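Report on the following structure.
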Amino acid sequence: MNDPLLDVALAQGVGADADPVRSLAALVAYLRPARADASGDTAERLRVLVERLERDRAAADLVRRHLGGLFGKRRLVGFFAESGILPPTGFFSELGRIAAHRLLPELPADDDLRDALGRVFKRRDDWVWVQALPRELSTRLWAALSEELLVNQGAGRVREQMLEALLVVAYRIGGVNAEREFLRLGEAFADSAPVFRSVAGEAQRFADGLRDWWGDRTRPVQDERHLLVLVDQCQQLLRRARRASMRQGTSLHLTYLIRRGEQSLERIVILAQLLGADLKPEARSAALLAWTTLMSTALPAENRRNGLREHLSSGAALLALRVTDNAARTGEHYVADTWPALRGMWRAAMGAGAIIAVLALLKIFASKLTLAPIGVATVYSLIYGLGFVLVYMLHLTIATKQPAMTAQTIANRLGELKPGRVLDLTPAVDLIVAVARTQFAAILGNVMVALPTAIGVSLLLAQLHGAPIIDIGKASHLLDDLDPLSWLPLHAAIAGVFLFLSGVLTGYFDNWATYARVGARLQRLRWLRVVAGPARARRVAAYVEEHLGGLMGNFLFGCMLGTAGTLGVILGLPIDIRHIAFAAANLGYALVAFDFALPWVTVAWAGLGVALIGAINLAVSFALALWMALRARAVVFTQTRALLAALWQRVRREPVSLFVVSRSAQADSTSTS
C-alpha cells in the first residue's frame with residue numbers, strides 16, 4: 001500500500017529538468033518528523049520508503065538519478081575527507097569560524113556537495129533524527145540506491161573524488177606524530193613517526209595503482225589490504241597513546257589530536273573498502289556496509305557543522321574525557337565491597353562528621369561579624385575550604401563527595417557491557433549495589449556524628465560560657481533553613497551542582513599535576529630545598545603531585561559553598577546552599593538553643609528537611625557526573641530496562657545488601673582477591 005505523502009514527494013522529482021537537490025529535499029521533508037526527537041515516526045516512514053523502492057523499479061531509478069545528479073556534478077573531497085572528523089584548525093579556531101558564520105553567513109557554493117546538503121537537510125536539528133535511523137533500514141535504503149554511486153561509480157567523478165579524499169586524510173595522518181603534544185608521551189611514541197608516514201606512502205601507491213588499473217583493466221594492481229594493515233598499526237599506537245595519556249596526564253589539545261587521529265583512520269578504512277570494492281566484485285556487500293557507515297556519520301556531522309551549541313557540546317565532551325578518567329580511578333576508592341572496607345568507610349565518615357560539626361559552629365560565629373559582602377564570602381570560603389582540605393588530608397570522607405567520583409566508575413562499567421546479554425549486567429548490578437551500600441554508610445556516619453557532636457559542643461561551650469552560645473533568633477533561622485517547603489530544594493540542588501563541579505576540578509587538577517610534572521618542578525624550587533631540606537622537599541613535592549586534585553577540589557568546593565549566599569544577596573536572587581552534614585549539625589545547635597523544648601512535629605519536620613537535602617545533594621551530583629562520564633566516553637547504553645530489572649531482582653532477593661555486605665558479595669570478593 002502506497003503512502004500518498006510519499007507519492008507527492010516522489011512526484012516533485014519527475015521531469016527532465018527536475019533539480020536533484022530540490023527533489024531529494026522533498027524526500028527528506030517526507031521523512032522529517034514534527035519533532036526532531038520523534039525518531040519512531042521517521043523509522044516507520046523510512047520503512048515505507050524502502051519497501052516502495054525495493055518493489056517499484058521506476059521509483060528507485062528516479063531517486064538513483066537524483067543521487068547521481070547530486071554526487072556526480074559537485075566537489076566531494078571536502079565531504080569525504082572532513083565531514084564527521086574533527087577539523088584540523090583546532091577547537092577554538094573552529095569556534096571562531098562558527099561564531100563568524102552566525103554573524104555573517106558564508107556564501108553558499110552550489111557546486112560543493114557540503115553546501116548542497118545544507119539545502120537538502122534544511123533544519124539545524126535534522127541530525128537528531130538522521131542519527132537515530134535504524135541501521136538495518138539505512139542499509140536496505142542504500143542497497144536499493146547504491147547502484148548509481150557504488151556499482152557505476154567507475155563511469156563518473158565519484159570514485160576519483162573519493163580517491164583524492166583518501167589521499168588528503170592519509171597525508172594528514174602522516175603528520176600526527178610531529179605534534180609536540182604527542183611527543184610528550186615518551187620515546188616509544190617519538191620513534192613511531194615512520195608508522196604514520198607509511199600510511200600516506202601506501203595510500204599514494206594504492207591510488208597510483210588504482211588509477212593505472214582504471215586506465216587499463218588488464219594491468220596488475222595491489223588491493224587495499226596492505227594499507228589496512230598499516231592503518232591497524234596506527235590505531236594500535238593511538239590506543240597506546242590514550243592509555244599513556246591517562247597515566248602521564250593529558251591536555252585538551254592532545255585529547256583533541258588523538259580523537260581526530262582515530263576518526264581519520266576510521267575514514268581511511270571506509271574509503272579504502274569502497275575503492276577496493278571496484279577491484280573485487282565479491283566485496284560489494286562490504287562496500288555497502290562501509291557506505292552506510294560513512295553516511296550515518298557524515299550526514300549528521302554535516303548538518304551540525306555550523307551549530308554553535310553542538311560544537312561547544314563536543315568540546316565539553318573532549319574536556320570531560322580529559323578529566324573523568326582521573327575521577328574514575330578516584331571513585332574506585334569510594335566503593336566498599338567487603339566488611340573491612342565498609343567499616344573503614346564508616347569510620348572515615350564519622351571522623352568527617354565531627355569536623356563538620358565544628359565547621360558549622362565556626363560559620364555560625366562568622367555570621368555575627370560585621371563585614372562587607374566580599375568579607376563574608378571570604379571568611380565563609382576559608383571556613384569551608386580549609387575544613388574540607390583538613391578532612392581530605394586526614395583521609396576522612398564526606399558522603400556527598402562520593403557520587404561525583406563513583407559515577408565515573410559506573411560509567412566505565414556500563415561502557416564495557418555487551419548489548420543483548422543479560423549476564424553482562426551482573427557486574428554493573430554488583431557495582432551499583434556496592435556504591436549504594438557505601439553511600440548509605442557514609443551518610444549515616446556523617447549525620448550520626450555531626451548531630452550529636454553539635455549537641456555536645458554546644459552544651460560544653462554553654463557550660464563554660466555560662467549562657468547559650470546561640471540565641472533563639474539564630475536558632476529559629478537555622479530551623480527555617482530546614483523547612484522542606486522553603487527554598488530548600490533549590491538550595492540543595494545548587495549544592496549538588498557544586499559537588500559535581502568539585503569532582504570535575506579534582507579530575508582536572510589530578511591530570512594537570514601529572515601532565516605538568518608538578519612534583520619534579522617543585523623539587524627545583526631553591527627556597528623549598530633551603531627551608532625543608534632536600535629529602536623533605538622531595539616528600540612534599542611527591543605529596544603535592546599525588547594529592548593536588550583532592551586538595552584543590554576540596555578547597556574550591558568550599559569556596560563555591562562560601563560565596564553562593566553572597567552572590568545571591570548581590571544579585572537579589574534566591575541563591576544559597578544546603579548540605580546534609582551541615583544541616584544535621586545546625587539542627588543539633590538549634591535543639592540546644594531551644595533547650596530541647598521544641599514540639600516533636602517541628603523536630604520531625606526539620607529532620608525531613610535534612611533527609612531531603614541529602615537526597616537532592618546526592619541525586620543532582622550523581623546525575624550530572626554520570627551524564628558527563630557517559631558523554632565523555634561516547635557510551636550509548638541501551639539496556640536501561642534490563643539493568644533496572646536486574647537491579648530490582650537483586651534488591652528483592654538480597655535487600656540487606658543495600659546496607660551491609662551480604663555473604664554472597666563477601667564470598668565473591670574473597671574469591672576474586
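Residue names in the C-alpha cells use chain letters A, B, ... in the order shown, residue numbers from 1 in each chain, and ligand numbers from 1 in the order shown.
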| message | Need the shell around range 561-575 of chain A: protein/DNA/RNA residues with any atom at most 7 Å away, counting only C-alpha atoms. Skip same-chain ones fewer than 4 positions apart. Format as a list in words? | response | Pro373, Ala377, Tyr380, Ser381, Tyr384, His491 and Phe557 of chain A
| task | Find the spatial neighbours of Arg524 in chain A, counting only C-alpha atoms, within a cut-off of 10 Å - ignore same-chain residues fewer than 4 positions away - and output them as a list in words. | result | Gly519, Ala520, Leu528, Arg529, Pro534, Ala537, Arg538 and Ala541 of chain A
Suppose we keep C-alpha atoms; can you now write the selection as a PDB file, in the first residue's frame?
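The resulting out-v4.pdb:
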ATOM      1  CA  GLY A 519      56.347  17.224  41.659  1.00  0.00           C
ATOM      2  CA  ALA A 520      59.592  17.403  39.693  1.00  0.00           C
ATOM      3  CA  LEU A 528      61.785  24.913  49.337  1.00  0.00           C
ATOM      4  CA  ARG A 529      65.045  22.935  49.468  1.00  0.00           C
ATOM      5  CA  PRO A 534      66.367  18.151  50.123  1.00  0.00           C
ATOM      6  CA  ALA A 537      61.345  18.789  49.806  1.00  0.00           C
ATOM      7  CA  ARG A 538      61.132  15.590  47.741  1.00  0.00           C
ATOM      8  CA  ALA A 541      56.724  17.571  46.083  1.00  0.00           C
TER       9      ALA A 541
END
| message | Neighbouring residues of Arg347 in chain A were defined as those with any atom within 12 Å, considering only C-alpha atoms; residues of the same chain fewer than 6 positions away were excluded. Please report them as JSON, numbers by chain. | response | {"A": [340, 341, 353, 354, 394, 395, 396, 397, 398, 399, 438, 441, 442, 443, 444, 445, 446, 448, 449]}
| task | Considering only C-alpha atoms, return as a ChimeraX atom specification whatever protein or nucleic-acid residues lie within 8 Å of range 453-463 of chain A, sequence-local ones (same chain, fewer than 2 positions apart) excluded. | result | /A:354,357-358,361,449-451,465-469,585-586,588-589,591-592
